[in-house]
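Colleague: Dropping a structure here in structure tokens format, bear with me for questions.
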Amino acid sequence: METTVTQTSLTGTQHIDWAPALLGESLLFGLLGKVLYSNPARDWVESLAAENLFDEAPFAAEQESTQRGLALLNAWSETVGRDGLTDEMLSDLRVDYTRLFVGQRRMEVPPWESVYFSMERLTFQEETVDVRRWYKQFGVQPNVSGKEPEDHIAFELSFAGHLAGQAVSALEADDEATFNSFLNAQREFLADHLLRWGWKWAELALDYAHTDFYKGLALLVQGALDELSAMFELPIDREARFLGLGF
């Protein structure tokens with residue numbers, strides 16, 4: 001089977017070279033899922049810089065947001081490579097992570113989907129329950145710590161990447177039916193969850209981050225979601241209201 005597959009079953013006319021697109025998505029979202037869920041630790045932060053993992057984007061490379069994000073992350077990597085990861089730099093990352101995604105008085109950038117749609121900013125709402133159903137359906141068990149809601153941005157990105165990776169495996173096995181089922185599953189998950197709120201998460205993270213590291217990651221997410229929106233012809237509703245954010 002050709003790796004350039006007609007998207008007829010999804011949107012009618014668009015042709016995409018799915019194999020490299022989905023592989024790139026799987027790689028990028030796997031990395032983003034791990035980095036955005038973990039409070040910065042010296043070992044993996046240093047390895048990100050040493051291995052030049054942000055030298056280029058495996059996905060959405062033509063998106064302006066991706067290019068801006070890579071510029072920030074490459075500059076950050078060069079600084080770490082030149083000066084080493086100083087205690088001050090690591091502390092800045094940890095403070096930024098905590099302020100953005102953990103919060104003290106008020107969390108600047110809630111990482112859970114439920115919060116965005118709950119006037120009381122509650123977790124474990126219907127969004128969490130539905131995301132949990134998706135994970136179970138496809139045999140995915142997020143490595144949650146304690147009572148972490150499963151609709152965390154890191155888990156949703158990782159899950160979308162998982163579906164993309166499974167679709168690539170189906171292509172390699174010349175299994176068109178399975179490929180289409182994973183492609184359709186990803187489209188539905190994006191429409192029901194990640195594209196509904198992930199763009200707003202990225203927007204907030206970019207606005208509130210103090211370090212180039214987290215600004216760059218927010219831009220990578222933004223560029224990737226814009227790319228998926230175009231690939232699957234799923235428009236992002238920029239006028240959506242988020243009760244949990246007060247607007």
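Each chain of the structure tokens is named A, B, ... in the order shown, its residues numbered from 1; ligands are numbered from 1 in display order.
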Excluding region 189-195 of chain A and any residue of its chain fewer than 5 positions from it, enumerate the residues within 7 Å of it, using only C-alpha atoms, and give them as a list of chain:residue names.
Modeller: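 Everything that qualifies: A:Glu156, A:Leu225, A:Leu234, A:Ile236.
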Colleague: Please list as a tab-separated table (two decimals) with C-alpha atoms, in the first residue's frame every residue within 12 Å of Leu171 (chain A), counting only C-alpha atoms and excluding residues in the same chain fewer than 3 positions away.
Modeller:
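Saved as result_39.tsv:
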chain	number	residue	atom	x	y	z
A	1	MET	CA	0.00	0.00	0.00
A	2	GLU	CA	1.25	3.49	-0.80
A	3	THR	CA	2.12	5.64	2.20
A	4	THR	CA	0.35	8.57	0.57
A	5	VAL	CA	-3.25	7.76	1.46
A	17	ASP	CA	1.75	11.75	3.03
A	18	TRP	CA	0.59	10.22	6.27
A	19	ALA	CA	3.58	8.10	7.24
A	20	PRO	CA	6.11	10.91	7.92
A	22	LEU	CA	2.11	10.73	11.81
A	23	LEU	CA	5.57	9.49	12.77
A	164	ALA	CA	-0.56	8.40	15.47
A	165	GLY	CA	2.11	5.79	16.18
A	166	GLN	CA	-0.41	2.95	15.93
A	167	ALA	CA	-1.58	4.30	12.59
A	168	VAL	CA	2.02	4.29	11.34
A	174	ASP	CA	-0.13	-2.79	4.93
A	175	ASP	CA	-3.35	-2.87	6.99
A	176	GLU	CA	-5.53	-0.15	5.52
A	177	ALA	CA	-8.59	-0.92	7.65
A	178	THR	CA	-6.66	-0.61	10.91
A	179	PHE	CA	-4.88	2.50	9.63
A	180	ASN	CA	-8.21	4.17	8.89
A	181	SER	CA	-9.62	3.17	12.27
A	182	PHE	CA	-6.72	4.81	14.12
A	183	LEU	CA	-6.87	7.86	11.88
Colleague: Using only C-alpha atoms, determine which residues lie at most 7 Å from Pro111 (chain A), disregarding the query and same-chain residues fewer than 2 positions distant; provide the list as a list in words.
Modeller: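 Once the nearby chain positions are removed, what remains is Phe101, Val109, Glu113, His152 and Ile153 of chain A.
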Colleague: Quick one: of A:Ala41, A:Ala170, A:Val95, A:Ala185, who's nearest to Tyr214 (chain A), counting only C-alpha atoms?
Modeller: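 When distances to Tyr214 (chain A) are compared using only C-alpha atoms, the smallest one comes from A:Val95.
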Colleague: Using 6 Å as the limit and counting only C-alpha atoms, can you tabulate each residue of region 145-193 of chain A that touches region 114-134 of chain A, with its shortest atom-to-atom distance in Å and the two atoms involved, as a tab-separated table?
Modeller:
residue	atom	partner	partner_atom	distance
A:Pro149	CA	A:Phe124	CA	5.9
A:Glu150	CA	A:Thr128	CA	5.9
A:Asp151	CA	A:Thr128	CA	5.1
Colleague: Nearest residue to Arg238 (chain A) out of A:Lys215, A:His210, A:Arg82, A:Arg196, using only C-alpha atoms?
Modeller: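 Once distances to Arg238 (chain A) are computed over only C-alpha atoms, the minimum belongs to A:Arg196.
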Colleague: Which residue gives the smallest distance to Leu31 (chain A) among A:Ala209, A:Leu243, A:Ala50, A:Ala154, with only C-alpha atoms counted?
Modeller: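 Using only C-alpha atoms, Leu31 (chain A) sits closest to A:Ala154.
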Colleague: Fewer than 4 positions away in the same chain doesn't count, so skip those; otherwise give me all residues within 9 Å of Phe29 (chain A), counting only C-alpha atoms, as a PyMOL selection string.
Modeller: chain A and resi 24-25+33-34+154+157-162+221+224
